[in-house]
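**Student:** What follows is a structure written as structure tokens; I'll ask about it next.
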Amino acid sequence: MSVITPPTLQPITTQYDPWDPIRSLRQYGEHRLTSVEMTVAQVCNMRCEHCAVGHTLVMREPDLLPLDVMLKRLDEVEHLETISITGGEPTFHLSTVKDYVIPLLKYARERGVRSQLNSNVTLDYRRYEMIAPYLDVMHISFNYTNVEDFRQVGFVHRDRDLSNNLTVKFYEQMIDNTRRLVEGGLFVSAESMINYRTHDKMNDIHQLIYEMGCQRHEVHPMYPSSFAEHLPVLSINELRQSIHSLLDFRHQDMWMLFGTLPFYGCSVSEEDTKLLQRLYSEKNVTVRNDPDGRNRLNVNMFNGEVFVTDFADIPSFGSIYEDRLDAIFDKWLHQHPLSKTVDCYCPQASCCGPNLLVADMYYPNVNFKERKAVISV
């Protein structure tokens with residue numbers, strides 16, 4: 001396997017995260033559609049208890065729409081900078097890998113667009129090896145300290161228990177595949193969710209991710225969507241404590257990316273501002289503004305429906321059979337009342353405000369557009 005990044009593409013680093021919507025906001029003075037996410041799978045070999053799209057998973061999925069339809073709509077996106085491919089498990093069917101994933105990645109590479117694939121990397125290595133030469137970021141979920149954690153987190157919603165041998169096989173393949181992909185030159189970013197099960201294990205999880213060789217560890221709080229809807233929710237204080245502990249423990253030579261945090265530069269809490277100031281001053285630590293509803297749309301490639309997020313309870317906002325993606329995004333940005341509630345920007349805090357799930361969960365009565373930043377970064 002050989003991963004080759006064309007010399008014309010700027011390397012993805014702590015100084016350059018093309019998925020962060022604040023980049024296009026600064027460039028154009030308002031949010032623009034620069035990122036398109038495509039759901040190419042509704043099947044998955046796992047059933048994670050916190051899966052944000054768990055209720056859409058099926059045992060036998062319908063046919064995907066013609067690839068040419070999607071490519072035409074991508075061609076029309078004027079400011080496209082990134083694509084993401086997600087599911088389900090996008091690599092579950094080899095036919096999906098060959099007929100959709102690889103062609104989409106080749107399109108992105110030829111256009112100079114950065115790409116990300118969301119996968120659990122638990123299947124046979126060959127399918128990931130096929131993808132790697134055309135991919136920029138392999139994004140994996142990793143919320144475990146051992147195989148028993150993997151069993152408890154990853155298969156709780158299965159109709160039948162997974163055999164011990166198969167559980168161990170998936171777990172070992174996940175770790176081995178990750179190491180091999182990194183050794184082959186692919187950028188692997190492992191995402192961990194801070195929730196009731198992981199908040200006091202984040203240091204151990206971070207250690208395993210470091211030992212696998214991942215170049216980046218992403219950390220996001222869990223929010224109540226789909227399978228996670230009825231799971232216990234951490235308090236702001238518990239989240240803050242877990243992040244401080246992780247920052248104390250972490251390997252400083254590894255990039256740590258925090259996203260969808262419920263802490264903002266306009267906070268009235270001194271503890272929140274202290275944490276933010278620490279996050280912005282730590283070596284190799286970045287805080288990403290949430291792309292959903294900012295610079296990204298999600299396209300369901302089974303029916304063509306378009307969403308402003310792949311996991312919030314907002315109905316489809318259009319169809320690629322009817323409208324250009326730029327037109328759908330502009331309609332959301334300028335006409336939808338929900339967009340107006342979180343459309344705020346504090347340049348001095350490098351903050352685009354909360355996403356919809358965060359606002360509903362922690363700040364249901366707060367008007368962020370009336371607040372001002374109290375920190376500068």
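Each chain in the structure tokens gets a letter, A, B, ..., in the order shown, and its residues are numbered from 1; ligands are numbered from 1 in order too.
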Counting only C-alpha atoms, what is within 12 Å of range 50-62 of chain A, bar same-chain residues fewer than 4 positions away, as a PyMOL selection string?

**Tutor:** chain A and resi 39-46+86-90+92-93+96+120+141+143+152-159+192-198+221-233+300-303+309-313+357

**Student:** In range 114-260 of chain A, what's helix (DSSP H, G or I) per DSSP? Answer as a PyMOL selection string?

**Tutor:** chain A and resi 125-134+147-154+164-183+202-212+226-230+236-249

**Student:** Which residues, written as a ChimeraX atom specification, have at least one atom at most 12 Å from Arg23 in chain A, with only C-alpha atoms counted and residues fewer than 3 positions away on the same chain left out?

**Tutor:** /A:15-20,26-35,79,81,288-291,294-295,347,350-352

**Student:** Mind writing the picked residues with C-alpha atoms as an mmCIF file, in the first residue's frame?

**Tutor:**
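The result, written out as part_32.cif:
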```cif
data_model
loop_
_atom_site.group_PDB
_atom_site.id
_atom_site.type_symbol
_atom_site.label_atom_id
_atom_site.label_comp_id
_atom_site.auth_asym_id
_atom_site.auth_seq_id
_atom_site.Cartn_x
_atom_site.Cartn_y
_atom_site.Cartn_z
ATOM 1 C CA GLN A 15 -2.694 24.863 11.504
ATOM 2 C CA TYR A 16 -4.890 23.655 8.638
ATOM 3 C CA ASP A 17 -8.138 21.788 9.347
ATOM 4 C CA PRO A 18 -10.217 22.121 6.147
ATOM 5 C CA TRP A 19 -13.348 20.767 7.854
ATOM 6 C CA ASP A 20 -13.577 23.696 10.296
ATOM 7 C CA ARG A 26 -13.517 34.305 7.561
ATOM 8 C CA GLN A 27 -12.875 34.109 3.826
ATOM 9 C CA TYR A 28 -16.357 34.952 2.542
ATOM 10 C CA GLY A 29 -17.898 36.874 5.429
ATOM 11 C CA GLU A 30 -20.686 34.307 5.788
ATOM 12 C CA HIS A 31 -20.967 30.549 5.831
ATOM 13 C CA ARG A 32 -20.599 28.808 2.483
ATOM 14 C CA LEU A 33 -21.081 25.190 1.493
ATOM 15 C CA THR A 34 -17.530 23.833 1.430
ATOM 16 C CA SER A 35 -18.138 20.293 2.713
ATOM 17 C CA HIS A 79 -16.512 26.274 -3.066
ATOM 18 C CA GLU A 81 -13.094 21.813 -0.138
ATOM 19 C CA ARG A 288 -13.028 22.556 15.807
ATOM 20 C CA ASN A 289 -16.252 24.442 15.244
ATOM 21 C CA ASP A 290 -19.084 22.113 14.301
ATOM 22 C CA PRO A 291 -19.566 21.789 10.510
ATOM 23 C CA ARG A 294 -22.384 25.750 9.083
ATOM 24 C CA ASN A 295 -20.540 24.612 5.957
ATOM 25 C CA PRO A 347 -14.023 36.464 15.771
ATOM 26 C CA SER A 350 -12.618 31.946 17.007
ATOM 27 C CA CYS A 351 -16.129 30.608 17.651
ATOM 28 C CA CYS A 352 -19.114 29.968 15.385
#
```

**Student:** Please compute the CA of Cys346 in chain A-CA of Phe263 in chain A distance, one decimal, in Å.

**Tutor:**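 Atom-to-atom, CA of Cys346 in chain A and CA of Phe263 in chain A are spaced 13.3 Å apart.
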
**Student:** Find the residue from A:Trp255, A:Tyr210, A:Phe317, A:Tyr100 that sits nearest to Val182 in chain A; use only C-alpha atoms when measuring.

**Tutor:**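 Among the listed residues, A:Tyr210 lies closest to Val182 in chain A.
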
**Student:** Select from range 114-179 of chain A every residue with an atom at most 9 Å from any atom of range 212-220 of chain A, then for each give the shortest pair of atoms and their distance in Å to one decimal, using only C-alpha atoms, rows by chain and rising number, as CSV.

**Tutor:**
```
residue,atom,partner,partner_atom,distance
A:Ile175,CA,A:Met212,CA,6.7
A:Asp176,CA,A:Met212,CA,8.1
A:Thr178,CA,A:Met212,CA,6.6
A:Arg179,CA,A:Met212,CA,5.3
```

**Student:** Write out as a short mmCIF file (atom, residue, chain, number, x, y, z; two decimals) with N, CA and C atoms, in the first residue's frame which residues come within 9 Å of Leu104 in chain A when counting only C-alpha atoms, dropping same-chain ones fewer than 2 positions away.

**Tutor:**
```cif
data_model
loop_
_atom_site.label_atom_id
_atom_site.label_comp_id
_atom_site.auth_asym_id
_atom_site.auth_seq_id
_atom_site.Cartn_x
_atom_site.Cartn_y
_atom_site.Cartn_z
N LEU A 67 -24.18 6.80 -9.35
CA LEU A 67 -23.05 7.62 -8.94
C LEU A 67 -22.98 8.92 -9.74
N LEU A 71 -22.04 12.80 -8.57
CA LEU A 71 -20.88 13.51 -9.11
C LEU A 71 -21.29 14.81 -9.79
N ILE A 83 -14.90 16.36 1.26
CA ILE A 83 -16.01 15.41 1.26
C ILE A 83 -15.78 14.42 2.39
N ILE A 85 -17.32 10.46 3.66
CA ILE A 85 -18.13 9.29 3.29
C ILE A 85 -18.43 8.53 4.57
N ASP A 99 -17.50 0.45 -6.32
CA ASP A 99 -18.36 1.20 -7.24
C ASP A 99 -18.70 2.61 -6.77
N TYR A 100 -18.50 2.89 -5.47
CA TYR A 100 -18.88 4.21 -4.95
C TYR A 100 -17.75 4.88 -4.16
N VAL A 101 -17.20 4.18 -3.18
CA VAL A 101 -16.21 4.82 -2.30
C VAL A 101 -14.97 5.24 -3.09
N ILE A 102 -14.37 4.30 -3.78
CA ILE A 102 -13.14 4.62 -4.52
C ILE A 102 -13.39 5.66 -5.62
N LYS A 106 -11.48 9.21 -5.77
CA LYS A 106 -10.71 9.60 -6.95
C LYS A 106 -11.18 10.96 -7.47
N TYR A 107 -12.48 11.16 -7.47
CA TYR A 107 -13.03 12.46 -7.89
C TYR A 107 -12.46 13.58 -7.01
N ALA A 108 -12.48 13.35 -5.69
CA ALA A 108 -11.97 14.37 -4.76
C ALA A 108 -10.50 14.66 -5.02
N ARG A 109 -9.73 13.61 -5.21
CA ARG A 109 -8.29 13.78 -5.43
C ARG A 109 -8.02 14.56 -6.72
N SER A 115 -10.53 14.45 1.56
CA SER A 115 -11.53 13.42 1.78
C SER A 115 -11.35 12.72 3.13
#
```

**Student:** So that I can check the surroundings of Lys340 in chain A, please list as a ChimeraX atom specification every protein, DNA and RNA residue that reaches within 12 Å of it, counting only C-alpha atoms and ignoring chain neighbours fewer than 3 positions away.

**Tutor:** /A:293-294,331-337,343-345,353-356,367-369

**Student:** Given only C-alpha atoms as the basis, pick out the residue of A:Asp330, A:Leu297, A:Leu279, A:Asp292 nearest to Val377 in chain A.

**Tutor:**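 Residue with the minimum atom-to-atom distance to Val377 in chain A: A:Leu279.
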
**Student:** Tell me which protein, DNA and RNA residues are within 6 Å of Gly265 in chain A, counting only C-alpha atoms, leaving out same-chain ones fewer than 3 positions away, and put them as a count of residues only.

**Tutor:** 4

**Student:** Could you check which of A:His199, A:Leu325, A:Ala132, A:Leu275 is closest to Arg296 in chain A, using only C-alpha atoms?

**Tutor:**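 Using only C-alpha atoms, the shortest distance to Arg296 in chain A belongs to A:Leu325.
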
**Student:** For a test of reading the model, state the distance in Å between CA of His139 in chain A and CA of Val121 in chain A, rounded to one decimal.

**Tutor:**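 Taking CA of His139 in chain A as the start and CA of Val121 in chain A as the end point, the length is 9.2 Å.
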
**Student:** From a DSSP calculation on the backbone, collect every residue of range 67-303 of chain A in strand (DSSP E or B) and output the set as number ranges by chain.

**Tutor:** A: 82-86, 114-119, 137-141, 187-194, 216-221, 255-259, 285-288, 292, 296-300

**Student:** Put those residues in a file: C-alpha atoms, as a compact mmCIF listing (two decimals), in the first residue's frame.

**Tutor:**
```
# COMPACT_ATOMS: atom_id res chain seq x y z
CA THR A 82 -13.88 18.51 1.60
CA ILE A 83 -16.01 15.41 1.26
CA SER A 84 -16.81 12.80 3.89
CA ILE A 85 -18.13 9.29 3.29
CA THR A 86 -20.13 7.69 6.07
CA ARG A 114 -9.75 16.63 0.81
CA SER A 115 -11.53 13.42 1.78
CA GLN A 116 -12.48 11.50 4.92
CA LEU A 117 -13.96 8.02 5.37
CA ASN A 118 -15.79 7.10 8.59
CA SER A 119 -15.21 3.42 9.36
CA VAL A 137 -8.24 10.88 6.52
CA MET A 138 -9.41 7.52 7.84
CA HIS A 139 -11.74 8.46 10.69
CA ILE A 140 -12.35 5.63 13.17
CA SER A 141 -14.38 5.37 16.37
CA PHE A 187 -3.55 9.72 8.28
CA VAL A 188 -5.76 7.98 10.87
CA SER A 189 -7.88 10.04 13.25
CA ALA A 190 -9.48 8.13 16.14
CA GLU A 191 -12.58 9.68 17.67
CA SER A 192 -13.64 9.01 21.26
CA MET A 193 -16.91 10.11 22.78
CA ILE A 194 -17.00 11.40 26.34
CA ARG A 216 -4.82 12.44 15.79
CA HIS A 217 -7.17 11.79 18.70
CA GLU A 218 -10.56 13.46 18.35
CA VAL A 219 -12.70 13.96 21.45
CA HIS A 220 -16.39 14.82 21.33
CA PRO A 221 -19.08 14.73 24.01
CA TRP A 255 -2.60 16.14 17.75
CA MET A 256 -5.74 16.31 19.90
CA LEU A 257 -8.87 17.76 18.32
CA PHE A 258 -11.86 18.67 20.48
CA GLY A 259 -15.21 19.22 18.78
CA VAL A 285 -4.49 20.90 20.68
CA THR A 286 -7.20 22.36 18.45
CA VAL A 287 -10.90 23.09 18.92
CA ARG A 288 -13.03 22.56 15.81
CA ASP A 292 -23.23 20.71 10.67
CA ARG A 296 -21.75 21.04 5.42
CA LEU A 297 -24.69 19.11 4.04
CA ASN A 298 -25.34 15.37 4.22
CA VAL A 299 -26.69 13.49 1.20
CA ASN A 300 -28.48 10.17 1.62
```

**Student:** Considering only C-alpha atoms, can you say which of A:Glu37, A:Glu211, A:Glu238, A:Glu76 comes closest to Asp323 in chain A?

**Tutor:**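 Of A:Glu37, A:Glu211, A:Glu238, A:Glu76, the one nearest Asp323 in chain A, counting only C-alpha atoms, is A:Glu76.
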
**Student:** Using only C-alpha atoms, pick whichever of A:Leu123, A:Val69, A:Leu208, A:Val268 has the shortest atom-to-atom distance to Thr167 in chain A.

**Tutor:** A:Leu123

**Student:** Extract, using only C-alpha atoms, all DNA, RNA and protein residues at most 9 Å from His244 in chain A, discarding same-chain residues fewer than 4 positions from it, and format them as a ChimeraX atom specification.

**Tutor:** /A:239-240,248-249,275,278

**Student:** Could you write out that same residue set with N, CA, C and O atoms as a PDB file, in the first residue's frame?

**Tutor:**
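Listed below is the output, part08.pdb:
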```
ATOM      1  N   LEU A 239     -17.988  16.795  32.223  1.00  0.00           N
ATOM      2  CA  LEU A 239     -17.279  16.949  30.954  1.00  0.00           C
ATOM      3  C   LEU A 239     -15.994  17.744  31.143  1.00  0.00           C
ATOM      4  O   LEU A 239     -14.929  17.365  30.657  1.00  0.00           O
ATOM      5  N   ARG A 240     -16.115  18.838  31.856  1.00  0.00           N
ATOM      6  CA  ARG A 240     -14.963  19.701  32.081  1.00  0.00           C
ATOM      7  C   ARG A 240     -13.852  18.959  32.820  1.00  0.00           C
ATOM      8  O   ARG A 240     -12.673  19.041  32.460  1.00  0.00           O
ATOM      9  N   ASP A 248      -4.072  16.739  31.161  1.00  0.00           N
ATOM     10  CA  ASP A 248      -2.962  16.480  32.085  1.00  0.00           C
ATOM     11  C   ASP A 248      -2.173  15.244  31.677  1.00  0.00           C
ATOM     12  O   ASP A 248      -0.952  15.190  31.822  1.00  0.00           O
ATOM     13  N   PHE A 249      -2.894  14.238  31.133  1.00  0.00           N
ATOM     14  CA  PHE A 249      -2.291  12.928  30.867  1.00  0.00           C
ATOM     15  C   PHE A 249      -1.711  12.800  29.459  1.00  0.00           C
ATOM     16  O   PHE A 249      -0.735  12.076  29.255  1.00  0.00           O
ATOM     17  N   LEU A 275     -11.028  26.652  31.018  1.00  0.00           N
ATOM     18  CA  LEU A 275     -10.805  25.467  30.192  1.00  0.00           C
ATOM     19  C   LEU A 275     -10.523  25.867  28.748  1.00  0.00           C
ATOM     20  O   LEU A 275      -9.601  25.342  28.109  1.00  0.00           O
ATOM     21  N   ARG A 278      -7.104  27.180  28.310  1.00  0.00           N
ATOM     22  CA  ARG A 278      -6.128  26.089  28.344  1.00  0.00           C
ATOM     23  C   ARG A 278      -6.107  25.346  27.015  1.00  0.00           C
ATOM     24  O   ARG A 278      -5.033  25.042  26.481  1.00  0.00           O
TER      25      ARG A 278
END
```

**Student:** Closest to Pro262 in chain A among A:Phe150, A:Phe307, A:Tyr362, A:Phe170, using only C-alpha atoms?

**Tutor:**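 Result for the nearest residue to Pro262 in chain A: A:Tyr362.
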
**Student:** To one decimal place, how far is CA of Leu234 in chain A from CA of Met361 in chain A in Å?

**Tutor:**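 Straight-line distance from CA of Leu234 in chain A to CA of Met361 in chain A works out to 10.6 Å.
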